[in-house]
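**Student:** One file is attached below, target06.cif, containing mmCIF, N, CA and C atoms.
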data_protein
#
loop_
_atom_site.label_atom_id
_atom_site.label_comp_id
_atom_site.auth_asym_id
_atom_site.auth_seq_id
_atom_site.Cartn_x
_atom_site.Cartn_y
_atom_site.Cartn_z
N LYS M 1 86.09 76.44 98.26
CA LYS M 1 85.40 77.72 98.32
C LYS M 1 85.69 78.40 99.64
N PRO M 2 86.06 79.68 99.59
CA PRO M 2 86.34 80.39 100.84
C PRO M 2 85.07 80.64 101.64
N ILE M 3 85.23 80.70 102.94
CA ILE M 3 84.12 81.04 103.83
C ILE M 3 84.27 82.51 104.16
N ILE M 4 83.24 83.29 103.89
CA ILE M 4 83.28 84.72 104.15
C ILE M 4 82.71 84.97 105.54
N ASP M 5 83.49 85.67 106.38
CA ASP M 5 83.04 85.94 107.74
C ASP M 5 82.04 87.10 107.78
N LYS M 6 81.49 87.37 108.96
CA LYS M 6 80.45 88.40 109.07
C LYS M 6 80.97 89.81 108.80
N GLU M 7 82.29 90.02 108.82
CA GLU M 7 82.87 91.33 108.51
C GLU M 7 83.21 91.46 107.03
N GLY M 8 82.98 90.39 106.25
CA GLY M 8 83.25 90.42 104.81
C GLY M 8 84.63 89.93 104.43
N GLY M 9 85.40 89.44 105.40
CA GLY M 9 86.74 88.92 105.12
C GLY M 9 86.72 87.43 104.83
N ALA M 10 87.76 86.96 104.15
CA ALA M 10 87.86 85.54 103.83
C ALA M 10 89.33 85.18 103.66
N VAL M 11 89.67 83.94 103.96
CA VAL M 11 91.00 83.41 103.67
C VAL M 11 90.88 82.70 102.33
N ILE M 12 91.74 83.12 101.37
CA ILE M 12 91.66 82.55 100.03
C ILE M 12 93.02 82.03 99.60
N GLN M 13 93.02 81.20 98.59
CA GLN M 13 94.24 80.75 97.94
C GLN M 13 94.24 81.35 96.55
N PRO M 14 95.04 82.42 96.33
CA PRO M 14 95.02 83.07 95.01
C PRO M 14 95.67 82.22 93.93
N ASN M 15 95.36 82.55 92.69
CA ASN M 15 95.95 81.88 91.53
C ASN M 15 97.11 82.71 91.00
N LYS M 16 98.03 82.04 90.31
CA LYS M 16 99.21 82.70 89.77
C LYS M 16 98.85 83.73 88.71
N GLY M 17 99.65 84.77 88.67
CA GLY M 17 99.55 85.79 87.63
C GLY M 17 100.94 86.01 87.05
N PHE M 18 101.64 87.00 87.58
CA PHE M 18 103.02 87.25 87.17
C PHE M 18 103.79 87.82 88.37
N VAL M 19 105.10 87.91 88.26
CA VAL M 19 105.94 88.34 89.37
C VAL M 19 106.71 89.60 88.99
N VAL M 20 106.79 90.52 89.95
CA VAL M 20 107.62 91.71 89.81
C VAL M 20 108.81 91.52 90.73
N LYS M 21 110.01 91.61 90.17
CA LYS M 21 111.23 91.46 90.95
C LYS M 21 111.87 92.83 91.12
N THR M 22 112.19 93.18 92.37
CA THR M 22 112.80 94.48 92.64
C THR M 22 113.73 94.36 93.85
N ARG M 23 114.31 95.46 94.25
CA ARG M 23 115.20 95.49 95.42
C ARG M 23 114.80 96.65 96.31
N ALA M 24 115.01 96.46 97.60
CA ALA M 24 114.82 97.52 98.58
C ALA M 24 116.08 97.55 99.45
N GLU M 25 116.59 98.74 99.71
CA GLU M 25 117.83 98.85 100.48
C GLU M 25 117.73 98.15 101.82
N SER M 26 116.58 98.25 102.47
CA SER M 26 116.44 97.70 103.82
C SER M 26 116.34 96.18 103.87
N VAL M 27 115.82 95.56 102.81
CA VAL M 27 115.60 94.10 102.86
C VAL M 27 116.26 93.33 101.74
N GLY M 28 116.77 94.00 100.72
CA GLY M 28 117.38 93.32 99.59
C GLY M 28 116.36 92.97 98.52
N LYS M 29 116.45 91.75 98.01
CA LYS M 29 115.59 91.32 96.91
C LYS M 29 114.14 91.18 97.38
N VAL M 30 113.20 91.72 96.55
CA VAL M 30 111.77 91.66 96.87
C VAL M 30 111.03 91.11 95.65
N PHE M 31 110.17 90.13 95.90
CA PHE M 31 109.30 89.58 94.86
C PHE M 31 107.87 89.97 95.21
N ILE M 32 107.20 90.64 94.26
CA ILE M 32 105.79 90.98 94.44
C ILE M 32 105.01 90.07 93.50
N ASN M 33 104.30 89.11 94.08
CA ASN M 33 103.48 88.18 93.30
C ASN M 33 102.17 88.86 92.97
N MET M 34 101.94 89.09 91.69
CA MET M 34 100.70 89.69 91.23
C MET M 34 99.73 88.54 90.94
N CYS M 35 98.91 88.22 91.94
CA CYS M 35 98.02 87.06 91.89
C CYS M 35 96.61 87.49 91.52
N LYS M 36 95.74 86.50 91.36
CA LYS M 36 94.34 86.80 91.02
C LYS M 36 93.40 85.87 91.77
N HIS M 37 92.20 86.38 92.02
CA HIS M 37 91.15 85.57 92.64
C HIS M 37 89.81 86.21 92.31
N GLU M 38 88.81 85.38 92.05
CA GLU M 38 87.51 85.88 91.62
C GLU M 38 86.74 86.64 92.71
N LEU M 39 87.15 86.54 93.98
CA LEU M 39 86.47 87.31 95.02
C LEU M 39 86.86 88.80 95.00
N VAL M 40 87.95 89.13 94.33
CA VAL M 40 88.36 90.53 94.23
C VAL M 40 87.64 91.14 93.03
N GLU M 41 87.02 92.30 93.23
CA GLU M 41 86.28 92.96 92.17
C GLU M 41 87.22 93.45 91.07
N GLY M 42 86.72 93.53 89.86
CA GLY M 42 87.49 94.02 88.73
C GLY M 42 87.65 95.53 88.76
N PHE M 43 88.59 96.04 87.95
CA PHE M 43 88.79 97.48 87.87
C PHE M 43 87.62 98.11 87.12
N GLU M 44 87.42 99.40 87.37
CA GLU M 44 86.34 100.11 86.69
C GLU M 44 86.66 101.60 86.63
N MET M 45 86.06 102.27 85.67
CA MET M 45 86.15 103.72 85.58
C MET M 45 85.05 104.31 86.45
N LYS M 46 85.42 105.28 87.28
CA LYS M 46 84.44 105.92 88.15
C LYS M 46 84.69 107.42 88.16
N PRO M 47 83.62 108.20 88.23
CA PRO M 47 83.82 109.64 88.36
C PRO M 47 84.37 109.97 89.74
N ILE M 48 85.13 111.04 89.81
CA ILE M 48 85.62 111.52 91.10
C ILE M 48 84.42 111.93 91.93
N PRO M 49 84.36 111.54 93.21
CA PRO M 49 83.22 111.92 94.06
C PRO M 49 82.99 113.43 94.06
N LYS M 50 81.72 113.84 94.16
CA LYS M 50 81.37 115.27 94.07
C LYS M 50 82.12 116.12 95.08
N GLU M 51 82.30 115.61 96.30
CA GLU M 51 83.02 116.40 97.31
C GLU M 51 84.49 116.61 96.92
N ASP M 52 85.07 115.66 96.19
CA ASP M 52 86.45 115.81 95.74
C ASP M 52 86.55 116.64 94.47
N GLN M 53 85.48 116.69 93.67
CA GLN M 53 85.49 117.51 92.45
C GLN M 53 85.73 118.98 92.80
N ALA M 54 85.02 119.47 93.79
CA ALA M 54 85.18 120.86 94.21
C ALA M 54 86.54 121.06 94.86
N LYS M 55 86.95 120.12 95.66
CA LYS M 55 88.23 120.21 96.37
C LYS M 55 89.41 120.29 95.41
N TYR M 56 89.39 119.45 94.35
CA TYR M 56 90.50 119.39 93.40
C TYR M 56 90.24 120.18 92.11
N GLY M 57 89.04 120.75 91.98
CA GLY M 57 88.71 121.55 90.80
C GLY M 57 88.66 120.75 89.51
N THR M 58 88.17 119.53 89.59
CA THR M 58 88.08 118.69 88.39
C THR M 58 86.87 117.77 88.48
N GLY M 59 86.34 117.39 87.34
CA GLY M 59 85.24 116.44 87.28
C GLY M 59 85.63 115.21 86.49
N GLU M 60 86.92 114.92 86.47
CA GLU M 60 87.44 113.80 85.68
C GLU M 60 86.94 112.45 86.17
N VAL M 61 87.17 111.48 85.33
CA VAL M 61 86.86 110.08 85.64
C VAL M 61 88.19 109.38 85.86
N GLY M 62 88.23 108.47 86.83
CA GLY M 62 89.46 107.74 87.09
C GLY M 62 89.20 106.26 87.29
N TYR M 63 90.28 105.48 87.27
CA TYR M 63 90.17 104.04 87.50
C TYR M 63 90.06 103.76 88.99
N ARG M 64 89.31 102.73 89.31
CA ARG M 64 89.24 102.18 90.66
C ARG M 64 89.79 100.76 90.55
N PHE M 65 90.82 100.45 91.35
CA PHE M 65 91.48 99.14 91.30
C PHE M 65 91.38 98.44 92.65
N PRO M 66 90.35 97.62 92.88
CA PRO M 66 90.29 96.85 94.13
C PRO M 66 91.44 95.84 94.17
N LEU M 67 91.98 95.64 95.37
CA LEU M 67 93.05 94.65 95.55
C LEU M 67 93.05 94.16 96.98
N SER M 68 93.74 93.07 97.20
CA SER M 68 93.96 92.55 98.53
C SER M 68 95.44 92.24 98.64
N MET M 69 96.02 92.52 99.78
CA MET M 69 97.46 92.29 99.93
C MET M 69 97.71 91.39 101.13
N GLY M 70 98.51 90.35 100.90
CA GLY M 70 98.86 89.44 101.97
C GLY M 70 99.98 90.00 102.83
N GLU M 71 100.25 89.33 103.92
CA GLU M 71 101.36 89.71 104.80
C GLU M 71 102.69 89.46 104.09
N ARG M 72 103.65 90.33 104.31
CA ARG M 72 104.98 90.07 103.72
C ARG M 72 105.62 88.91 104.48
N ARG M 73 106.42 88.16 103.75
CA ARG M 73 107.07 87.00 104.37
C ARG M 73 108.48 86.85 103.84
N GLU M 74 109.33 86.28 104.65
CA GLU M 74 110.70 86.05 104.26
C GLU M 74 110.82 84.65 103.69
N GLU M 75 111.47 84.55 102.53
CA GLU M 75 111.69 83.27 101.88
C GLU M 75 113.10 83.28 101.30
N HIS M 76 113.39 82.30 100.45
CA HIS M 76 114.67 82.22 99.76
C HIS M 76 114.42 82.11 98.26
N ASP M 77 115.25 82.78 97.46
CA ASP M 77 115.10 82.69 96.01
C ASP M 77 115.69 81.38 95.50
N LYS M 78 115.72 81.20 94.18
CA LYS M 78 116.21 79.96 93.58
C LYS M 78 117.63 79.63 93.99
N SER M 79 118.45 80.66 94.19
CA SER M 79 119.86 80.42 94.54
C SER M 79 120.06 80.29 96.05
N GLY M 80 118.98 80.32 96.82
CA GLY M 80 119.09 80.14 98.26
C GLY M 80 119.31 81.44 99.03
N GLU M 81 119.32 82.57 98.33
CA GLU M 81 119.51 83.87 98.99
C GLU M 81 118.19 84.32 99.63
N PRO M 82 118.27 84.99 100.79
CA PRO M 82 117.04 85.47 101.42
C PRO M 82 116.36 86.55 100.58
N CYS M 83 115.05 86.59 100.64
CA CYS M 83 114.27 87.60 99.92
C CYS M 83 112.96 87.83 100.66
N MET M 84 112.32 88.93 100.31
CA MET M 84 111.01 89.26 100.86
C MET M 84 109.98 88.97 99.77
N VAL M 85 108.84 88.39 100.14
CA VAL M 85 107.78 88.06 99.19
C VAL M 85 106.47 88.65 99.68
N ILE M 86 105.76 89.28 98.76
CA ILE M 86 104.46 89.87 99.08
C ILE M 86 103.48 89.48 97.97
N ASP M 87 102.31 89.00 98.35
CA ASP M 87 101.26 88.67 97.39
C ASP M 87 100.27 89.83 97.30
N VAL M 88 100.05 90.33 96.09
CA VAL M 88 99.02 91.33 95.85
C VAL M 88 97.98 90.65 94.96
N ILE M 89 96.75 90.63 95.42
CA ILE M 89 95.71 89.86 94.73
C ILE M 89 94.72 90.81 94.05
N TRP M 90 94.54 90.57 92.76
CA TRP M 90 93.67 91.37 91.91
C TRP M 90 92.55 90.50 91.35
N ALA M 91 91.59 91.12 90.72
CA ALA M 91 90.57 90.38 89.97
C ALA M 91 91.24 89.72 88.77
N PRO M 92 90.77 88.57 88.34
CA PRO M 92 91.35 87.93 87.15
C PRO M 92 91.40 88.85 85.94
N VAL M 93 90.36 89.67 85.72
CA VAL M 93 90.33 90.56 84.57
C VAL M 93 91.47 91.59 84.62
N THR M 94 91.85 92.01 85.81
CA THR M 94 92.94 92.98 85.96
C THR M 94 94.26 92.34 85.56
N VAL M 95 94.54 91.15 86.05
CA VAL M 95 95.79 90.46 85.71
C VAL M 95 95.83 90.14 84.22
N GLU M 96 94.72 89.71 83.65
CA GLU M 96 94.68 89.39 82.21
C GLU M 96 94.96 90.63 81.36
N LYS M 97 94.41 91.78 81.75
CA LYS M 97 94.68 93.01 81.00
C LYS M 97 96.15 93.41 81.15
N CYS M 98 96.74 93.16 82.30
CA CYS M 98 98.17 93.44 82.51
C CYS M 98 99.03 92.64 81.53
N LEU M 99 98.63 91.41 81.29
CA LEU M 99 99.41 90.54 80.40
C LEU M 99 99.25 90.94 78.93
N GLU M 100 98.20 91.70 78.61
CA GLU M 100 97.94 92.13 77.24
C GLU M 100 98.44 93.55 76.95
N ASP M 101 98.49 94.41 77.96
CA ASP M 101 98.74 95.84 77.75
C ASP M 101 99.86 96.32 78.67
N ALA M 102 101.04 96.61 78.10
CA ALA M 102 102.21 96.99 78.89
C ALA M 102 102.00 98.28 79.68
N ASN M 103 101.31 99.26 79.10
CA ASN M 103 101.07 100.52 79.81
C ASN M 103 100.14 100.31 81.01
N PHE M 104 99.11 99.51 80.82
CA PHE M 104 98.20 99.18 81.91
C PHE M 104 98.97 98.43 83.01
N ARG M 105 99.79 97.45 82.60
CA ARG M 105 100.59 96.67 83.55
C ARG M 105 101.47 97.59 84.38
N GLN M 106 102.13 98.56 83.73
CA GLN M 106 103.00 99.48 84.45
C GLN M 106 102.22 100.26 85.51
N SER M 107 101.03 100.71 85.18
CA SER M 107 100.20 101.44 86.13
C SER M 107 99.81 100.56 87.32
N VAL M 108 99.46 99.32 87.05
CA VAL M 108 99.07 98.39 88.11
C VAL M 108 100.27 98.06 89.00
N ILE M 109 101.44 97.88 88.40
CA ILE M 109 102.65 97.61 89.18
C ILE M 109 102.97 98.79 90.09
N GLU M 110 102.88 100.01 89.56
CA GLU M 110 103.14 101.19 90.38
C GLU M 110 102.16 101.30 91.54
N LEU M 111 100.90 100.98 91.29
CA LEU M 111 99.91 100.99 92.36
C LEU M 111 100.27 99.96 93.43
N ALA M 112 100.62 98.76 92.99
CA ALA M 112 101.01 97.70 93.94
C ALA M 112 102.22 98.12 94.77
N MET M 113 103.21 98.72 94.12
CA MET M 113 104.42 99.14 94.84
C MET M 113 104.11 100.24 95.87
N ASN M 114 103.17 101.12 95.55
CA ASN M 114 102.76 102.13 96.51
C ASN M 114 102.12 101.48 97.74
N TYR M 115 101.29 100.46 97.53
CA TYR M 115 100.70 99.76 98.65
C TYR M 115 101.75 99.02 99.46
N VAL M 116 102.70 98.40 98.79
CA VAL M 116 103.76 97.67 99.48
C VAL M 116 104.58 98.62 100.35
N ASN M 117 104.89 99.81 99.81
CA ASN M 117 105.65 100.81 100.58
C ASN M 117 104.86 101.27 101.79
#
Using the file provided, produce a representation of the structure as structure tokens.
**Tutor:**
Amino acid sequence: KPIIDKEGGAVIQPNKGFVVKTRAESVGKVFINMCKHELVEGFEMKPIPKEDQAKYGTGEVGYRFPLSMGERREEHDKSGEPCMVIDVIWAPVTVEKCLEDANFRQSVIELAMNYVN
């Protein structure tokens, strides 16, 4: 069980989900591990905050996707080539929905890649 510090942070060992393999010109091969842990809150639909409704001229509802991202690290792939690895940790329910729904998975991957960038 992780110990949560007074600022609300904790060191955790996430569980496996799935891997996104991509390339970046600056570093070469990149693996984004889409992990899960029960300390990360699940996704939810939330209305746009009132101050943003007026700003953007909309009262729509949108998804909120809590996540945690680990430090990037250099490793080697199966063939021994160098690669960059980043763990993005989601709620178990988020990863499970990704495995069931390709459109949802694509949205979550795009969100993760934006955070990685």
**Student:** Which residues fall under the PyMOL selection byres ((chain M and resi 88) around 5) in this file, as JSON, numbers by chain?
**Tutor:** {"M": [33, 34, 35, 68, 69, 86, 87, 89, 90]}
**Student:** When DSSP is applied to the backbone of this structure, which of chain M are assigned alpha helix (DSSP H)? Write them out as a VMD selection string.
**Tutor:** chain M and resid 50 to 56 92 to 100 102 to 116
**Student:** Which polymer residues, whether protein, DNA or RNA, lie within 8 Å of the coordinate (91.0, 95.7, 93.2) when you count all atoms listed in the file? List them as a list in words, using the chain letters and numbers from the file.
**Tutor:**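 Residues with an atom close enough to that point: Val40, Glu41, Gly42, Phe43, Glu44, Arg64, Phe65, Pro66, Leu67, Ser68, Ile89, Trp90, Ala91 and Thr94 of chain M.
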**Student:** How would the residues just picked look written out with N, CA and C atoms as a compact mmCIF listing (two decimals), in the coordinates of the input?
**Tutor:**
# COMPACT_ATOMS: atom_id res chain seq x y z
N VAL M 40 87.95 89.13 94.33
CA VAL M 40 88.36 90.53 94.23
C VAL M 40 87.64 91.14 93.03
N GLU M 41 87.02 92.30 93.23
CA GLU M 41 86.28 92.96 92.17
C GLU M 41 87.22 93.45 91.07
N GLY M 42 86.72 93.53 89.86
CA GLY M 42 87.49 94.02 88.73
C GLY M 42 87.65 95.53 88.76
N PHE M 43 88.59 96.04 87.95
CA PHE M 43 88.79 97.48 87.87
C PHE M 43 87.62 98.11 87.12
N GLU M 44 87.42 99.40 87.37
CA GLU M 44 86.34 100.11 86.69
C GLU M 44 86.66 101.60 86.63
N ARG M 64 89.31 102.73 89.31
CA ARG M 64 89.24 102.18 90.66
C ARG M 64 89.79 100.76 90.55
N PHE M 65 90.82 100.45 91.35
CA PHE M 65 91.48 99.14 91.30
C PHE M 65 91.38 98.44 92.65
N PRO M 66 90.35 97.62 92.88
CA PRO M 66 90.29 96.85 94.13
C PRO M 66 91.44 95.84 94.17
N LEU M 67 91.98 95.64 95.37
CA LEU M 67 93.05 94.65 95.55
C LEU M 67 93.05 94.16 96.98
N SER M 68 93.74 93.07 97.20
CA SER M 68 93.96 92.55 98.53
C SER M 68 95.44 92.24 98.64
N ILE M 89 96.75 90.63 95.42
CA ILE M 89 95.71 89.86 94.73
C ILE M 89 94.72 90.81 94.05
N TRP M 90 94.54 90.57 92.76
CA TRP M 90 93.67 91.37 91.91
C TRP M 90 92.55 90.50 91.35
N ALA M 91 91.59 91.12 90.72
CA ALA M 91 90.57 90.38 89.97
C ALA M 91 91.24 89.72 88.77
N THR M 94 91.85 92.01 85.81
CA THR M 94 92.94 92.98 85.96
C THR M 94 94.26 92.34 85.56
**Student:** Smallest atom-to-atom distance to Arg72 of chain M: which of M:Ser107, M:Asp101, M:Asn117, M:Tyr56, using only C-alpha atoms?
**Tutor:**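 Under the stated criterion, the closest residue is M:Asn117.
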**Student:** Could you pull out the residues in chain M that DSSP calls strand (DSSP E or B) from the backbone, as a PyMOL selection string?
**Tutor:** chain M and resi 15-24+28-36+44-47+61-64+68-69+73-76+82-90
**Student:** Here's the selection I'm unsure about, the PyMOL selection byres ((chain M and resi 18) around 8); applied to the file above, which residues does it give, as a PyMOL selection string?
**Tutor:** chain M and resi 15-17+19-21+32-36+95
**Student:** Please determine, counting only N, CA and C atoms, which residue among M:Glu100, M:Met113, M:Met84, M:Lys50 has the shortest atom-to-atom distance to Val27 of chain M.
**Tutor:**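 Ranked by minimum distance to Val27 of chain M, first place goes to M:Met84.
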**Student:** Separation of atom CA of Cys83 of chain M and atom CA of Lys29 of chain M, in Å?
**Tutor:**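 Here the two named atoms are 5.0 Å from each other.
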**Student:** Which one is closest to Ile48 of chain M: M:Ala24, M:Val93, M:Val108, M:Val61? Count all atoms listed in the file.
**Tutor:** M:Val61
